[in-house]
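*Asks:* I have a structure here, written as structure tokens, and I will follow up with some questions on it.
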Amino acid sequence: MSTTEKLVMDHPMDSLLDLVSEAQVGQGVSRIDGPLKVSGQATYTAEYPMDGLLYGYLVSATIGKGKIKTIHDKTALVVHGVVAVITDFKRFLRNPQQGGVNLAPIQGVKEIAYFGQPIALVVAESYEAARAGAAALKVDYERADDGAFDLIKELKNRKPIDWITDKSEISGDPEESLLTADIKVDRVYITPSQNSAAMELHASVAYWEGHDLIIYSSLQMVASCRASLAHALGLNPKHVRLISRFVGGGFGSKLGISSESVAAAIAAKQLKRPVKVVMTRPQVFESTVRRSNTRQRIGLGADANGKIHTIIHNSIVTNLSGELFFEPTALATHFLYQGKNREVKYEMVRMNQVLAGSMRAPGEAVGLLALECAIDELAELVKIDPIELRKLNEPERDPSKDIPFSSRHLIEALETGANHFGWKMRSSIPANRREGQWLIGMGVASAARSNSLKPSEARVTLTPEIKVIVETDMTDIGTGTYTVLAQITADLLGVPLSVIEVRLGDSDFPPSAGSGGSWGASSSGSSVYLACKKIREQLAAQSNIPIEELDLKDGHISSLNGSKSLKELVTKDIVGIGKIDAGKTSKKYTQASFGAHFAEVAVNAVTGEIRVKRMLGIFTAGRILNEKTARSQCYGGMVFGLGAALMENLQHDSRDGRITNHNLAEYHIPTNADVPDIEVILLPETDRLTNPLHAKGIGELGIAGAGAAIANAVYNATGIRVYDYPITLDKLLDRLPSL
Amino acid sequence: MKAFAYFRAENAVDATKLMNQHHGKYIAGGSNLLDLMKLHLEIPEVLIDISRLPLNDVEETSEGGLKIGAMVLNSELAAHPLVRLRYGVLSRALLAGASGQLRNMATTGGNILQRTRCSYFYAPDSACNKRIKGSGCPALHGLNRMHAILGGSAACIAQHPSDMAVAFMALDAVVVTLCLDGSSRQIPLDDFYRLPGLDPQQETVLQFGELIIHIILPPPPMGIHQYYKVRDRASYAFALVSIASIIDIDDRRIRAIRLAFGGIGTIPWRNKQVEEFLVSAPPCYPIFAQAADILLSGAKGAGENDFKIELTRRLLISTLQKAVSGDHS
């Protein structure tokens, strides 16, 4: 009997999870790795102890464009403790890699493409010595005088871009129908660059065993990162072992390899000792990944009743030259509302600024900051409630592709939220509610995030001691993967969580989808599901039970003919390998998670300070695998949304591209004091088309639309619409009530 | 950070002796100095640790004021019963500053000496007149949202970041120091800070090695103590504009008033003309607006920080309106 179960998701299917009584899946099971984390025993990349370890400190370019003339190694080598100055103009990474790419990113650091680009590595016996050496290292540059640092000046150089992260769309005659619409909104929304600011800094520890590289690196996707590392170093991937067992947050910034991994590997080879490189916080800001700044034009045309017939979403985004990724702002615009005249278009401006790539919900996170505020404005012009406007424009099928949705409960989410939040207390007239010095307002926005399934593989082994070992190179970036995979295994094999050991983040294990794009839990979870299914089949065959009658529970196997303990039955390891891939259901159906955001804000009538008082998120994401970790993901996403609306703003100096707020004191994300009571309601939903778990992605749903609800609440409170994020008080000041 | 020699001083005299000998840097809580050392903006060969000096008491003076040891931690000072009872403006200013962790490390003496948060000052490779005289000021035409609108010069517009010092300014605090020659000075805080002028690297009148040992507060002024800090997020952010106010209202008239401002000046800002004007005039909107005009007569934005002028005006007028109407929320 084969041990491999392969599934391509071509058809709707039932889930074995529905047959389990007293299931673990769906429960709010606390993280099984939680005790390790809170007791400091979960070892993160930079924490692996190693004999003879050397410390590397990246040297960052201090010009925004040009090239290196000379690096004066001696100026660093004289620093006590410094062992070497490692330069490799060919192989050092110029840009980090994007997610899921098996090739090396752009290499070669002699040419400087952005301020802060890593150019060398100073290696020393201590971190402090390496840092001192890096500071002492004298570098001569030849400055180019044609750096693209000022977006306004560079706008004229924008060029159309298409296909890599989103497809442009045109149907009907959108410009003409907008022009003649009874009611129209035509606005440009500006969003700034942002940084994921994950708590754990980007880090790698590398050493060599002969020709084999062993590297610990904090990354979200092991298989593709291993391949791109190997490619960057000119190695066969089988000579690279990549380990990433715990990741202290990634949010997209660790989808692909960054410069520190290649630098550590090259240094370790050259010096024949293990080398650890941890980026500083400024280096994470300057040289990993930013979310692109955007200028998004939204055009909405509707009839007098609010029926939308035109949706235009044209975006200008930025990136380094040579990069294919563009911020896909209109991902959700394609399918969120009906309307026959539609246009989505992208233009790219090449800037000498750090790589633009994925940050939590690339596309929807900033796209909905524009679209959902335009919808709010349209509702006001039509003079109907913004929830009513959304109901009026709910499409039956994906309006761009003319195919059905696999599942969609947006209206239910909006209605549930409206009831729960007390939406009817909102004044439809803006700036109409004041409590002392504070103007109070409420806002709503839809949430939507595309769902996807990626190829993923897992191996599950049931041992005669009735231990279950789950192995896949999947990562847990704080999302709860360890726990969710154990829950699925427990239910399908009828064993308690305590006998399950989940092993992740090691390229020695079967390749997974990795963590990104909200596909991690459903893709890797499906592979574990299939592996367990294979074990179930083997157990059934071994005990001559028809598979339909098989019941695994409490470590026992039972059928109509009685029950037997697994211990009696399993005499040698039983292995199941599961492989999942997307199929026809992802082509024939539009798959997305949906939800609704509600926010109440208070705006100081004198100073314009904005304080969020309440947030509520209602989400539908198929089967919820773990009520607790899912909820936590939503909280985190909503806090991200709050930051995007009110504070996050990566500032590049328009003269040389220098990032002036590259630390957590000056790059503002919400503090505890900024985060109000947040409530999350997860509506039950099942989707037989997505995957065998019937789950959909939830990790990014919480951010998608959250900021728009806040912006709409600010408008409701003040009567002021700000089209230039973040909404800081200076943008309100001249329109606040007079004293 | 470069390796440094480390000495621990037992008392103030010991500290100045060590300084005389080694020409190093004093370190107390280190909440600012360590950042500067990591970035090589300060590269002391010798650190003289003064954190254990027996200067951590808050005592009443015979005049009814307070004598605050230079090593009293920000969190301790904010929570001290006498401070809370009599100097509410100080307690509030302290709690508006930094984060709980930083307040547990930062000292009274260190806080008034903290350096600006100007991002160009913090970028070692960048020009900055505060670091290298004559190298230029990128903030003047650069990213300057946080920068000062008052007290700046063509050489520097970096804002002073302290909240505590703003309250001290309103309270007429006096800085007591010990000089290297063993003499002691009493410097009113009003005279303590220097405007940047052409020498922005000179931030105070302290001489080399002069050690702050106490802050003396005169008896608390009558009136309602308030500290309102406007910032970009609710915690752990520097002031865009802050106002320390002590306002004594009698029968809807301003009997006495002290006002000091943070976030807008290159030094903690107090303009006594504003106060004098307000006690002489009837408390009403036009007078408050005139007071704002006096305060902001020399104000100059550099682009991104232009809004601070209007924000300060609104905040001042609103503070006065609330005080007169008895609204202390």
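Starting from 1 in every chain, residues are counted up; chains themselves are A, B, ... following the order of the structure tokens, and ligands are numbered from 1 as listed.
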Could you list, as a PyMOL selection string, every residue within 8 Å of region 164-177 of chain A, counting only C-alpha atoms and ignoring same-chain residues fewer than 3 positions away?
*Replies:* chain A and resi 180-181+301+309-312+324-328+330-331+340-346+400
*Asks:* For region 271-279 of chain B, work out the shell of residues within 7 Å, counting only C-alpha atoms and skipping chain neighbours fewer than 5 positions away, then give it as an MDAnalysis selection string.
*Replies:* chainID B and resid 254:259 291 294:295
*Asks:* Using only C-alpha atoms, what does the table of chain B residues within 8 Å of chain A look like, with each row giving the shortest atom pair and its distance in Å to one decimal, sorted by chain and ascending number, as a tab-separated table?
*Replies:*
residue	atom	partner	partner_atom	distance
B:Met1	CA	A:Ala132	CA	5.8
B:Lys2	CA	A:Ala132	CA	5.9
B:His40	CA	A:Ala135	CA	7.5
B:Ser119	CA	A:Thr660	CA	5.6
B:Tyr120	CA	A:Thr660	CA	7.3
B:Asp125	CA	A:Thr62	CA	6.7
B:Gly142	CA	A:Asp653	CA	6.7
B:Leu143	CA	A:Asp653	CA	6.6
B:Val230	CA	A:Glu609	CA	7.2
B:Arg231	CA	A:Glu609	CA	7.5
B:Asp232	CA	A:Thr728	CA	6.9
B:Arg233	CA	A:Asp674	CA	6.5
B:Ala234	CA	A:Asp674	CA	5.3
B:Ser235	CA	A:Ala673	CA	6.0
B:Tyr236	CA	A:Ala665	CA	7.2
B:Ala237	CA	A:Ala665	CA	6.9
B:Phe307	CA	A:Asp730	CA	5.9
B:Glu310	CA	A:Leu733	CA	7.7
B:Leu311	CA	A:Thr607	CA	6.3
B:Arg314	CA	A:Val606	CA	6.1
B:Leu315	CA	A:Val606	CA	6.6
B:Ile317	CA	A:Leu739	CA	7.7
B:Ser318	CA	A:Val606	CA	7.0
*Asks:* Mind writing the picked residues with N, CA and C atoms as a PDB file, in the first residue's frame?
*Replies:*
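In the end it all went to selection.pdb:
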ATOM      1  N   MET B   1      29.438  50.523  19.814  1.00  0.00           N
ATOM      2  CA  MET B   1      29.963  51.038  21.082  1.00  0.00           C
ATOM      3  C   MET B   1      31.408  50.590  21.241  1.00  0.00           C
ATOM      4  N   LYS B   2      32.257  51.544  21.567  1.00  0.00           N
ATOM      5  CA  LYS B   2      33.662  51.195  21.745  1.00  0.00           C
ATOM      6  C   LYS B   2      33.909  50.873  23.208  1.00  0.00           C
ATOM      7  N   HIS B  40      27.809  55.636  18.146  1.00  0.00           N
ATOM      8  CA  HIS B  40      29.101  56.329  18.076  1.00  0.00           C
ATOM      9  C   HIS B  40      28.946  57.838  17.988  1.00  0.00           C
ATOM     10  N   SER B 119      16.374  63.453  13.769  1.00  0.00           N
ATOM     11  CA  SER B 119      16.858  62.217  13.154  1.00  0.00           C
ATOM     12  C   SER B 119      18.207  62.417  12.465  1.00  0.00           C
ATOM     13  N   TYR B 120      18.492  63.624  12.063  1.00  0.00           N
ATOM     14  CA  TYR B 120      19.796  63.863  11.426  1.00  0.00           C
ATOM     15  C   TYR B 120      20.905  63.892  12.478  1.00  0.00           C
ATOM     16  N   ASP B 125      26.384  59.439   9.865  1.00  0.00           N
ATOM     17  CA  ASP B 125      27.005  59.804   8.591  1.00  0.00           C
ATOM     18  C   ASP B 125      26.452  61.108   8.032  1.00  0.00           C
ATOM     19  N   GLY B 142      14.619  69.585   5.304  1.00  0.00           N
ATOM     20  CA  GLY B 142      14.373  68.145   5.228  1.00  0.00           C
ATOM     21  C   GLY B 142      13.128  67.737   5.989  1.00  0.00           C
ATOM     22  N   LEU B 143      13.182  66.564   6.578  1.00  0.00           N
ATOM     23  CA  LEU B 143      12.037  66.047   7.320  1.00  0.00           C
ATOM     24  C   LEU B 143      12.091  66.666   8.720  1.00  0.00           C
ATOM     25  N   VAL B 230       0.382  66.961  23.575  1.00  0.00           N
ATOM     26  CA  VAL B 230      -0.204  66.532  22.302  1.00  0.00           C
ATOM     27  C   VAL B 230       0.868  65.747  21.559  1.00  0.00           C
ATOM     28  N   ARG B 231       0.497  64.537  21.154  1.00  0.00           N
ATOM     29  CA  ARG B 231       1.488  63.685  20.492  1.00  0.00           C
ATOM     30  C   ARG B 231       0.808  62.799  19.459  1.00  0.00           C
ATOM     31  N   ASP B 232       1.624  62.129  18.663  1.00  0.00           N
ATOM     32  CA  ASP B 232       1.083  61.361  17.544  1.00  0.00           C
ATOM     33  C   ASP B 232       0.494  60.020  17.949  1.00  0.00           C
ATOM     34  N   ARG B 233       0.819  59.543  19.124  1.00  0.00           N
ATOM     35  CA  ARG B 233       0.117  58.368  19.642  1.00  0.00           C
ATOM     36  C   ARG B 233      -0.022  58.534  21.144  1.00  0.00           C
ATOM     37  N   ALA B 234      -0.772  57.644  21.771  1.00  0.00           N
ATOM     38  CA  ALA B 234      -1.192  57.897  23.145  1.00  0.00           C
ATOM     39  C   ALA B 234      -0.075  57.722  24.159  1.00  0.00           C
ATOM     40  N   SER B 235       0.976  57.033  23.793  1.00  0.00           N
ATOM     41  CA  SER B 235       2.061  56.799  24.740  1.00  0.00           C
ATOM     42  C   SER B 235       3.357  56.646  23.965  1.00  0.00           C
ATOM     43  N   TYR B 236       4.475  56.816  24.656  1.00  0.00           N
ATOM     44  CA  TYR B 236       5.779  56.581  24.062  1.00  0.00           C
ATOM     45  C   TYR B 236       5.953  57.340  22.753  1.00  0.00           C
ATOM     46  N   ALA B 237       5.708  58.637  22.844  1.00  0.00           N
ATOM     47  CA  ALA B 237       5.946  59.513  21.689  1.00  0.00           C
ATOM     48  C   ALA B 237       6.354  60.864  22.243  1.00  0.00           C
ATOM     49  N   PHE B 307       2.548  73.374  11.192  1.00  0.00           N
ATOM     50  CA  PHE B 307       1.284  73.185  11.907  1.00  0.00           C
ATOM     51  C   PHE B 307       1.418  73.430  13.403  1.00  0.00           C
ATOM     52  N   GLU B 310      -0.114  76.780  14.658  1.00  0.00           N
ATOM     53  CA  GLU B 310      -1.560  76.789  14.863  1.00  0.00           C
ATOM     54  C   GLU B 310      -1.952  75.877  16.032  1.00  0.00           C
ATOM     55  N   LEU B 311      -1.273  74.749  16.131  1.00  0.00           N
ATOM     56  CA  LEU B 311      -1.586  73.812  17.219  1.00  0.00           C
ATOM     57  C   LEU B 311      -1.293  74.449  18.575  1.00  0.00           C
ATOM     58  N   ARG B 314      -3.967  77.054  19.366  1.00  0.00           N
ATOM     59  CA  ARG B 314      -5.236  76.449  19.802  1.00  0.00           C
ATOM     60  C   ARG B 314      -5.121  75.878  21.205  1.00  0.00           C
ATOM     61  N   LEU B 315      -4.005  75.229  21.453  1.00  0.00           N
ATOM     62  CA  LEU B 315      -3.839  74.575  22.751  1.00  0.00           C
ATOM     63  C   LEU B 315      -3.767  75.615  23.867  1.00  0.00           C
ATOM     64  N   ILE B 317      -4.983  78.767  23.856  1.00  0.00           N
ATOM     65  CA  ILE B 317      -6.282  79.432  24.038  1.00  0.00           C
ATOM     66  C   ILE B 317      -7.252  78.503  24.770  1.00  0.00           C
ATOM     67  N   SER B 318      -7.260  77.248  24.346  1.00  0.00           N
ATOM     68  CA  SER B 318      -8.172  76.287  24.970  1.00  0.00           C
ATOM     69  C   SER B 318      -7.818  76.064  26.449  1.00  0.00           C
TER      70      SER B 318
END
*Asks:* When DSSP is applied to the backbone of this structure, which of region 99-307 of chain B are assigned strand (DSSP E)? Write them out as JSON, numbers by chain.
*Replies:* {"B": [174, 175, 176, 177, 178, 184, 185, 186, 187, 188, 211, 212, 213, 214, 215, 216, 217, 224, 225, 226, 227, 228, 229, 230, 241, 242, 243, 244, 245, 246, 247, 248, 249, 250, 253, 254, 255, 256, 257, 258, 259, 260, 261, 262]}
*Asks:* When you draw a straight line from CA of Ile298 (chain A) to CA of Ala447 (chain A), how long is it in Å?
*Replies:*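 Result for CA of Ile298 (chain A) versus CA of Ala447 (chain A): 17.3 Å, one decimal.
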*Asks:* Between CA of Glu60 (chain B) and CA of Ala96 (chain B), what is the distance in Å, rounded to a tenth?
*Replies:*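 Spanning CA of Glu60 (chain B) to CA of Ala96 (chain B) is a straight-line distance of 24.4 Å.
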*Asks:* Would you mind writing down, as a short mmCIF file (atom, residue, chain, number, x, y, z; two decimals) with all heavy atoms, in the first residue's frame, each residue of region 95-221 of chain B that DSSP on the backbone assigns to helix (DSSP H, G or I)?
*Replies:*
data_model
loop_
_atom_site.label_atom_id
_atom_site.label_comp_id
_atom_site.auth_asym_id
_atom_site.auth_seq_id
_atom_site.Cartn_x
_atom_site.Cartn_y
_atom_site.Cartn_z
N LEU B 95 4.93 61.62 33.98
CA LEU B 95 4.20 60.43 33.53
C LEU B 95 3.83 60.51 32.05
O LEU B 95 3.50 59.51 31.43
CB LEU B 95 2.94 60.24 34.39
CG LEU B 95 3.25 59.87 35.84
CD1 LEU B 95 1.97 59.79 36.65
CD2 LEU B 95 4.01 58.55 35.93
N ALA B 96 3.89 61.70 31.50
CA ALA B 96 3.63 61.83 30.06
C ALA B 96 4.86 61.49 29.24
O ALA B 96 4.81 61.38 28.02
CB ALA B 96 3.18 63.26 29.75
N GLY B 100 7.15 53.38 30.77
CA GLY B 100 7.38 52.94 32.13
C GLY B 100 8.79 52.43 32.34
O GLY B 100 9.46 52.75 33.34
N GLN B 101 9.29 51.67 31.38
CA GLN B 101 10.64 51.11 31.51
C GLN B 101 11.69 52.21 31.56
O GLN B 101 12.61 52.17 32.37
CB GLN B 101 10.94 50.17 30.33
CG GLN B 101 10.07 48.94 30.26
CD GLN B 101 8.81 49.16 29.42
OE1 GLN B 101 8.28 50.27 29.36
NE2 GLN B 101 8.33 48.10 28.81
N LEU B 102 11.53 53.19 30.68
CA LEU B 102 12.52 54.28 30.64
C LEU B 102 12.44 55.13 31.91
O LEU B 102 13.46 55.54 32.46
CB LEU B 102 12.29 55.15 29.40
CG LEU B 102 12.78 54.52 28.09
CD1 LEU B 102 12.18 55.23 26.89
CD2 LEU B 102 14.30 54.57 28.01
N ARG B 103 11.24 55.36 32.38
CA ARG B 103 11.09 56.19 33.58
C ARG B 103 11.70 55.50 34.80
O ARG B 103 12.09 56.15 35.76
CB ARG B 103 9.61 56.52 33.84
CG ARG B 103 8.98 57.40 32.78
CD ARG B 103 7.67 58.00 33.24
NE ARG B 103 6.62 57.01 33.41
CZ ARG B 103 5.77 56.63 32.45
NH1 ARG B 103 5.87 57.14 31.24
NH2 ARG B 103 4.83 55.74 32.71
N THR B 108 16.60 62.36 37.39
CA THR B 108 16.21 63.76 37.30
C THR B 108 17.30 64.58 36.61
O THR B 108 17.03 65.38 35.71
CB THR B 108 15.95 64.31 38.72
OG1 THR B 108 15.03 63.43 39.38
CG2 THR B 108 15.39 65.71 38.68
N GLY B 109 18.53 64.36 37.05
CA GLY B 109 19.63 65.12 36.46
C GLY B 109 19.84 64.78 34.99
O GLY B 109 20.08 65.66 34.16
N GLY B 110 19.71 63.51 34.69
CA GLY B 110 19.91 63.07 33.31
C GLY B 110 18.83 63.58 32.39
O GLY B 110 19.09 63.98 31.25
N ASN B 111 17.61 63.58 32.89
CA ASN B 111 16.48 63.97 32.05
C ASN B 111 16.64 65.39 31.52
O ASN B 111 16.39 65.65 30.33
CB ASN B 111 15.18 63.83 32.86
CG ASN B 111 13.95 64.05 32.01
OD1 ASN B 111 13.92 64.94 31.17
ND2 ASN B 111 12.92 63.24 32.22
N ILE B 112 17.09 66.30 32.37
CA ILE B 112 17.17 67.68 31.86
C ILE B 112 18.32 67.84 30.86
O ILE B 112 18.38 68.81 30.13
CB ILE B 112 17.26 68.76 32.97
CG1 ILE B 112 18.52 68.62 33.80
CG2 ILE B 112 16.04 68.73 33.86
CD1 ILE B 112 18.68 69.80 34.76
N PRO B 138 20.67 69.43 7.82
CA PRO B 138 19.74 68.87 6.83
C PRO B 138 18.27 69.04 7.23
O PRO B 138 17.39 68.94 6.37
CB PRO B 138 20.10 67.37 6.80
CG PRO B 138 21.40 67.25 7.52
CD PRO B 138 21.48 68.40 8.46
N ALA B 139 18.01 69.29 8.51
CA ALA B 139 16.61 69.38 8.95
C ALA B 139 15.93 70.64 8.43
O ALA B 139 14.72 70.65 8.21
CB ALA B 139 16.53 69.34 10.47
N LEU B 140 16.72 71.69 8.22
CA LEU B 140 16.12 72.97 7.80
C LEU B 140 15.27 72.81 6.55
O LEU B 140 14.22 73.41 6.43
CB LEU B 140 17.23 73.99 7.54
CG LEU B 140 17.83 74.67 8.77
CD1 LEU B 140 19.03 75.51 8.37
CD2 LEU B 140 16.78 75.51 9.49
N HIS B 141 15.75 71.99 5.61
CA HIS B 141 14.99 71.77 4.38
C HIS B 141 14.64 70.31 4.21
O HIS B 141 14.40 69.83 3.12
CB HIS B 141 15.79 72.27 3.17
CG HIS B 141 16.16 73.71 3.28
ND1 HIS B 141 15.24 74.72 3.12
CD2 HIS B 141 17.34 74.31 3.57
CE1 HIS B 141 15.84 75.89 3.30
NE2 HIS B 141 17.11 75.67 3.58
N MET B 164 9.71 66.61 31.54
CA MET B 164 9.97 67.01 32.92
C MET B 164 10.52 68.43 32.99
O MET B 164 10.11 69.23 33.83
CB MET B 164 10.96 66.03 33.56
CG MET B 164 11.24 66.30 35.01
SD MET B 164 12.68 65.37 35.58
CE MET B 164 13.98 66.30 34.80
N ALA B 165 11.44 68.73 32.08
CA ALA B 165 12.08 70.04 32.12
C ALA B 165 11.09 71.17 31.84
O ALA B 165 11.27 72.30 32.30
CB ALA B 165 13.23 70.09 31.12
N VAL B 166 10.03 70.84 31.10
CA VAL B 166 9.01 71.85 30.82
C VAL B 166 8.29 72.22 32.11
O VAL B 166 8.06 73.40 32.43
CB VAL B 166 8.02 71.34 29.75
CG1 VAL B 166 6.90 72.34 29.51
CG2 VAL B 166 8.76 71.04 28.44
N ALA B 167 7.96 71.19 32.90
CA ALA B 167 7.32 71.45 34.20
C ALA B 167 8.28 72.20 35.11
O ALA B 167 7.89 73.15 35.81
CB ALA B 167 6.89 70.13 34.83
N PHE B 168 9.54 71.79 35.11
CA PHE B 168 10.54 72.48 35.93
C PHE B 168 10.63 73.96 35.55
O PHE B 168 10.80 74.83 36.39
CB PHE B 168 11.92 71.83 35.76
CG PHE B 168 12.16 70.66 36.67
CD1 PHE B 168 13.16 69.73 36.36
CD2 PHE B 168 11.44 70.48 37.85
CE1 PHE B 168 13.42 68.66 37.20
CE2 PHE B 168 11.70 69.40 38.70
CZ PHE B 168 12.69 68.48 38.37
N MET B 169 10.53 74.21 34.27
CA MET B 169 10.62 75.59 33.79
C MET B 169 9.47 76.40 34.38
O MET B 169 9.67 77.53 34.86
CB MET B 169 10.54 75.56 32.26
CG MET B 169 11.16 76.71 31.58
SD MET B 169 12.91 76.84 31.91
CE MET B 169 13.57 76.81 30.29
N ALA B 170 8.28 75.81 34.36
CA ALA B 170 7.12 76.52 34.90
C ALA B 170 7.25 76.72 36.41
O ALA B 170 6.68 77.65 36.97
CB ALA B 170 5.85 75.75 34.57
N LEU B 189 16.84 77.36 36.08
CA LEU B 189 16.68 76.59 34.84
C LEU B 189 16.49 77.53 33.64
O LEU B 189 16.89 77.20 32.52
CB LEU B 189 15.49 75.62 34.96
CG LEU B 189 15.46 74.51 33.91
CD1 LEU B 189 16.66 73.59 34.03
CD2 LEU B 189 14.17 73.71 33.98
N ASP B 190 15.88 78.66 33.92
CA ASP B 190 15.69 79.68 32.90
C ASP B 190 17.01 80.10 32.23
O ASP B 190 17.03 80.48 31.07
CB ASP B 190 15.07 80.92 33.57
CG ASP B 190 13.95 81.49 32.74
OD1 ASP B 190 13.63 80.89 31.70
OD2 ASP B 190 13.41 82.53 33.13
N ASP B 191 18.09 80.02 33.00
CA ASP B 191 19.40 80.41 32.47
C ASP B 191 20.25 79.20 32.08
O ASP B 191 21.38 79.34 31.64
CB ASP B 191 20.20 81.22 33.52
CG ASP B 191 19.45 82.44 33.97
OD1 ASP B 191 18.69 83.00 33.15
OD2 ASP B 191 19.60 82.83 35.15
N PHE B 192 19.71 78.03 32.29
CA PHE B 192 20.50 76.81 32.17
C PHE B 192 20.73 76.39 30.71
O PHE B 192 21.80 75.96 30.33
CB PHE B 192 19.77 75.68 32.92
CG PHE B 192 20.49 74.37 32.94
CD1 PHE B 192 21.53 74.13 33.84
CD2 PHE B 192 20.13 73.34 32.08
CE1 PHE B 192 22.18 72.90 33.87
CE2 PHE B 192 20.77 72.13 32.09
CZ PHE B 192 21.81 71.91 32.99
#
